[in-house]
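**Student:** Pasting in a structure now, in structure tokens, and then I'll have a few things to ask.
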Amino acid sequence: MKGTALGRAAQKTDPRVLAILKKQHVLDKIAGDITAGLSESDRARISGFTDIEVDPEHNRLRIHWKGTPPQRVQRILADLPKGVTAEVLPARYSKAELHTARNKLLRGGKPTALRLGSTGERIRITSIGPAVDGSSLEIGYDGDRGAGKRDATDPLSRGARQGRSDEVKAVTNRLTGINTVATYKPVSKDLSAAPANRQHDASPWFGGSALRNPGGGICSGSFSVKNKDGDFLLMSARHCSKGGDGLWRTWEGGDVVGGNDAAEVSLPDDAQGIRLPSKQAGPYLYDGPATRRDGYAKPVVGWGHNNVGDYVCADGANSGVHCNVQVAKTDIGIMGGDGSYRPLTDLAYATSLTPDGVAAVNGDSGGPVFAGVSNFTSDEARGMITALDRTVTCPSSLNKDTVLDGHIRTPWCLQGVYYVPIYQTLHDTGWTLVTL
């Protein structure tokens with residue numbers, strides 16, 4: 001029966017990782033004090049602040065600030081716990097200045113299209129966010145092929161691509177009035193997928209579960225939440241909710257989980273709250289490989305903000321849990337493969353500590369991102385998977401064709417995932433995270 005395996009067979013974790021996460025917990029607490037508990041985006045309200053990096057492997061903080069930090073911050077840095085070090089690095093721009101510059105590239109809440117004078121080519125901005133060190137606004141771009149269409153490979157030679165990037169930089173420098181860095185980055189492909197394999201969940205619904213989305217593909221359940229009326233919802237990715245009859249089902253068995261509700265959608269957060277006829281969702285996330293079938297899940301005990309350098313876990317229905325994925329950037333706006341703009345995402349990559357070097361595969365859209373707490377016996381919500389970065393060769397453990405319902409699917413493995421911070425989704429929707 002569901003739930004009998006909760007907490008059983010505790011995940012064996014490298015002692016080095018546990019030591020790193022213990023330091024990370026302390027560093028995140030200090031970072032939260034420095035940033036006054038503000039979210040990744042709202043930290044722009046702190047005068048002069050640019051960004052903060054945690055480095056749990058070396059037990060240190062790097063703080064990027066334009067000008068001199070206020071006395072409040074200096075007092076925190078003067079009274080650090082034993083063994084913790086911190087350095088304040090001068091930034092060219094503050095986060096507020098970078099936000100102002102970013103807004104100059106938005107029209108109607110989405111990145112504006114650019115035209116290059118030399119060729120007249122229409123250029124699409126695919127991502128936009130502050131450089132961690134405050135040196136520039138980082139712009140991802142590609143040729144505008146239309147919603148849902150992207151280049152499979154770069155059509156330009158290395159030299160031609162550098163010239164094109166220089167042209168884009170010149171345009172964005174002029175439009176924003178600050179230094180920008182332009183990099184070719186084809187529009188993100190959303191992580192929904194054709195039919196694949198996952199466990200058969202049941203009410204009360206858990207996060208990390210495999211769902212057959214209304215269009216017939218596989219996506220992932222995320223966190224359990226309550227709306228303003230106190231009704232239970234199961235979060236997933238909005239881009240997965242299109243098509244079909246509007247009903248979400250269990251991947252195996254096809255049992256109805258719930259339906260789309262237009263009132264429970266947040267387009268900027270790529271979030272869909274699935275309305276549940278059972279009216280029940282539990283504060284747990286499935287853990288372990290996607291094929292694990294003993295019901296092993298861990299409790300969600302709260303949520304937290306993300307800092308550059310944090311180690312988190314991505315939990316997808318199609319590939320299972322991938323831990324020791326490290327946050328590389330926060331506060332990035334990206335274009336989704338469906339043409340929608342997601343203004344606030346964080347980006348994390350698999351590291352040498354991540355088994356198989358994979359952060360996610362196709363079909364993991366909507367899956368939860370969490371930080372392990374209490375020696376990985378509980379989960380702290382951090383966000384929901386929305387898109388990908390950096391395709392990599394699948395390891396043998398994942399490189400297997402799956403045949404189901406007459407469909408053949410070869411896994412597509414990714415080193416990086418974009419995810420929408422959980423705070424932002426809860427703030428925008430008014431939902432409340434269901435915790436143990």
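Chains: A, B, ... in order of the structure tokens. Residues: from 1 per chain. Ligands: from 1, in order shown.
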What's around Ala271 of chain A at 6 Å? Count only C-alpha atoms, leave out sequence neighbours fewer than 2 positions away in its own chain, and write the answer as JSON, numbers by chain.

**Tutor:** {"A": [236, 237, 238, 265, 266, 269]}

**Student:** Set out as JSON lines a contact list for segment 212-315 of chain A and segment 32-51 of chain A with a cut-off of 12 Å, giving each residue of segment 212-315 of chain A that qualifies its closest atom pair and distance in Å to one decimal, counting only C-alpha atoms, ordered by chain and rising residue number.

**Tutor:**
```
{"residue": "A:Trp303", "atom": "CA", "partner": "A:Ser39", "partner_atom": "CA", "distance": 11.6}
{"residue": "A:Gly304", "atom": "CA", "partner": "A:Ser39", "partner_atom": "CA", "distance": 9.0}
{"residue": "A:His305", "atom": "CA", "partner": "A:Ser39", "partner_atom": "CA", "distance": 6.0}
{"residue": "A:Asn306", "atom": "CA", "partner": "A:Glu40", "partner_atom": "CA", "distance": 6.8}
{"residue": "A:Asn307", "atom": "CA", "partner": "A:Glu40", "partner_atom": "CA", "distance": 7.5}
{"residue": "A:Val308", "atom": "CA", "partner": "A:Asp51", "partner_atom": "CA", "distance": 8.2}
{"residue": "A:Gly309", "atom": "CA", "partner": "A:Asp51", "partner_atom": "CA", "distance": 11.4}
```

**Student:** Hey, which of A:Lys226, A:Arg164, A:Arg16, A:Lys22 ends up closest to Arg115 of chain A? Count only C-alpha atoms.

**Tutor:**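 Smallest separation from Arg115 of chain A among the options: A:Arg164.
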
**Student:** Residues of segment 295-355 of chain A that approach segment 121-132 of chain A to 10 Å or less, counting only C-alpha atoms: could you list each one with the shortest pair of atoms and its distance in Å to one decimal, rows by chain and increasing residue number, as a Markdown table?

**Tutor:**
```
| residue | atom | partner | partner_atom | distance |
| --- | --- | --- | --- | --- |
| A:Val308 | CA | A:Val132 | CA | 8.0 |
| A:Ala328 | CA | A:Val132 | CA | 8.6 |
| A:Lys329 | CA | A:Val132 | CA | 6.7 |
| A:Thr330 | CA | A:Gly129 | CA | 7.9 |
| A:Asp331 | CA | A:Gly129 | CA | 6.2 |
| A:Ile332 | CA | A:Gly129 | CA | 4.2 |
| A:Gly333 | CA | A:Ile128 | CA | 5.0 |
| A:Ile334 | CA | A:Ser127 | CA | 4.1 |
| A:Met335 | CA | A:Thr126 | CA | 4.9 |
| A:Gly336 | CA | A:Thr126 | CA | 8.0 |
| A:Gly337 | CA | A:Thr126 | CA | 9.5 |
| A:Gly339 | CA | A:Thr126 | CA | 9.7 |
| A:Tyr341 | CA | A:Thr126 | CA | 8.7 |
| A:Arg342 | CA | A:Ser127 | CA | 9.2 |
| A:Pro343 | CA | A:Ile128 | CA | 8.5 |
| A:Leu344 | CA | A:Gly129 | CA | 8.9 |
| A:Thr345 | CA | A:Gly129 | CA | 9.3 |
| A:Asp346 | CA | A:Gly129 | CA | 9.8 |
```

**Student:** Just the alpha helix (DSSP H) stuff from segment 19-160 of chain A, please, per backbone DSSP, written as a VMD selection string.

**Tutor:** chain A and resid 19 to 34 71 to 78 95 to 103 158 to 160

**Student:** List the spatial neighbours of Arg161 of chain A as a ChimeraX atom specification - criterion: any atom at most 9 Å away, only C-alpha atoms, same-chain residues fewer than 6 positions off excluded.

**Tutor:** /A:154-155,184

**Student:** Could you give me, as a PyMOL selection string, the residues within 9 Å of Gln415 of chain A, counting only C-alpha atoms and dropping anything in the same chain fewer than 5 positions from it?

**Tutor:** chain A and resi 325+348-351+357-361+388-392

**Student:** What is the atom CA of Glu380 of chain A-atom CA of Val420 of chain A distance in Å, reported with one decimal?

**Tutor:**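 Distance between the two atoms: 14.6 Å.
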
**Student:** Can you list, as a PyMOL selection string, all residues belonging to segment 75-204 of chain A that DSSP tags as strand (DSSP E or B)?

**Tutor:** chain A and resi 85-90+106-107+110-111+114-115+122-130+137-143+180-184+193

**Student:** For a quick check of understanding, using only C-alpha atoms, which of A:Ser396, A:Gln272, A:Ser203, A:Gln24 has the smallest distance to Ser365 of chain A?

**Tutor:** A:Gln272

**Student:** Which residues, written as a compact mmCIF listing (two decimals) with C-alpha atoms, in the first residue's frame, have at least one atom at most 8 Å from Leu175 of chain A, with only C-alpha atoms counted and residues fewer than 4 positions away on the same chain left out?

**Tutor:**
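Final output, around.txt:
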```txt
# COMPACT_ATOMS: atom_id res chain seq x y z
CA LYS A 104 14.52 48.01 -21.90
CA LEU A 105 14.66 44.80 -23.93
CA VAL A 171 22.47 46.42 -30.69
```

**Student:** Do you have the atom CA of Asp364 of chain A-atom CA of Ser319 of chain A distance handy?

**Tutor:**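 These atoms are spaced 7.0 Å apart.
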
**Student:** Which residues are near Gly366 of chain A? Cut-off 12 Å, only C-alpha atoms, ignore same chain within fewer than 5 positions. Put them as a ChimeraX atom specification.

**Tutor:** /A:190-193,207-213,218-223,234-241,269-274,314-318,360-361,383-388,417-420,422

**Student:** Let's have the selection written as a PDB file, in the first residue's frame, with C-alpha atoms.

**Tutor:**
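Okay, this is what ended up in part_0.pdb:
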```pdb
ATOM      1  CA  ASP A 190      10.546  22.356 -23.004  1.00  0.00           C
ATOM      2  CA  LEU A 191      11.059  19.070 -21.226  1.00  0.00           C
ATOM      3  CA  SER A 192       7.750  17.412 -22.010  1.00  0.00           C
ATOM      4  CA  ALA A 193       8.103  14.281 -24.122  1.00  0.00           C
ATOM      5  CA  GLY A 207       5.322  15.214  -6.298  1.00  0.00           C
ATOM      6  CA  GLY A 208       7.845  13.673  -8.677  1.00  0.00           C
ATOM      7  CA  SER A 209       5.079  11.414 -10.014  1.00  0.00           C
ATOM      8  CA  ALA A 210       4.769  10.497 -13.702  1.00  0.00           C
ATOM      9  CA  LEU A 211       1.758  12.104 -15.350  1.00  0.00           C
ATOM     10  CA  ARG A 212       0.212  11.610 -18.760  1.00  0.00           C
ATOM     11  CA  ASN A 213      -0.433  15.199 -19.735  1.00  0.00           C
ATOM     12  CA  ILE A 218       4.804  12.422 -20.140  1.00  0.00           C
ATOM     13  CA  CYS A 219       5.444  15.229 -17.678  1.00  0.00           C
ATOM     14  CA  SER A 220       6.149  15.338 -13.969  1.00  0.00           C
ATOM     15  CA  GLY A 221       4.097  16.214 -10.951  1.00  0.00           C
ATOM     16  CA  SER A 222       5.719  18.785  -8.713  1.00  0.00           C
ATOM     17  CA  PHE A 223       4.773  20.058  -5.260  1.00  0.00           C
ATOM     18  CA  LEU A 234      -0.763  19.371  -7.688  1.00  0.00           C
ATOM     19  CA  MET A 235       1.728  21.623  -9.482  1.00  0.00           C
ATOM     20  CA  SER A 236       3.150  20.853 -12.897  1.00  0.00           C
ATOM     21  CA  ALA A 237       4.436  22.816 -15.887  1.00  0.00           C
ATOM     22  CA  ARG A 238       1.869  24.906 -17.744  1.00  0.00           C
ATOM     23  CA  HIS A 239       3.470  24.128 -21.104  1.00  0.00           C
ATOM     24  CA  CYS A 240       2.544  20.471 -20.499  1.00  0.00           C
ATOM     25  CA  SER A 241      -1.168  21.262 -20.082  1.00  0.00           C
ATOM     26  CA  ASP A 269       5.994  30.893 -13.849  1.00  0.00           C
ATOM     27  CA  ASP A 270       5.086  28.171 -16.379  1.00  0.00           C
ATOM     28  CA  ALA A 271       2.885  26.750 -13.619  1.00  0.00           C
ATOM     29  CA  GLN A 272      -0.353  24.780 -13.802  1.00  0.00           C
ATOM     30  CA  GLY A 273      -2.248  23.837 -10.658  1.00  0.00           C
ATOM     31  CA  ILE A 274      -4.027  20.557 -11.401  1.00  0.00           C
ATOM     32  CA  ALA A 314      16.300  17.762  -9.762  1.00  0.00           C
ATOM     33  CA  ASP A 315      13.517  15.186  -9.485  1.00  0.00           C
ATOM     34  CA  GLY A 316      11.987  14.165 -12.829  1.00  0.00           C
ATOM     35  CA  ALA A 317       9.355  11.555 -13.559  1.00  0.00           C
ATOM     36  CA  ASN A 318      11.247  10.216 -16.552  1.00  0.00           C
ATOM     37  CA  ALA A 360      17.399  15.796 -16.310  1.00  0.00           C
ATOM     38  CA  VAL A 361      15.974  14.084 -19.395  1.00  0.00           C
ATOM     39  CA  GLY A 383      11.602  25.299  -7.620  1.00  0.00           C
ATOM     40  CA  MET A 384      10.005  23.534 -10.592  1.00  0.00           C
ATOM     41  CA  ILE A 385      11.750  22.349 -13.766  1.00  0.00           C
ATOM     42  CA  THR A 386      10.738  24.369 -16.815  1.00  0.00           C
ATOM     43  CA  ALA A 387      13.417  23.973 -19.536  1.00  0.00           C
ATOM     44  CA  LEU A 388      16.881  22.667 -20.369  1.00  0.00           C
ATOM     45  CA  VAL A 417      18.053  22.664 -16.069  1.00  0.00           C
ATOM     46  CA  TYR A 418      16.225  25.939 -15.736  1.00  0.00           C
ATOM     47  CA  TYR A 419      13.718  26.027 -12.921  1.00  0.00           C
ATOM     48  CA  VAL A 420      11.304  28.648 -11.611  1.00  0.00           C
ATOM     49  CA  ILE A 422       9.278  28.110  -5.702  1.00  0.00           C
TER      50      ILE A 422
END
```

**Student:** With a distance cut-off of 6 Å and only C-alpha atoms, select the neighbouring residues of Lys185 of chain A, excluding the residue or stretch itself and same-chain residues fewer than 4 positions from it, and output the selection as a PyMOL selection string.

**Tutor:** chain A and resi 140-142
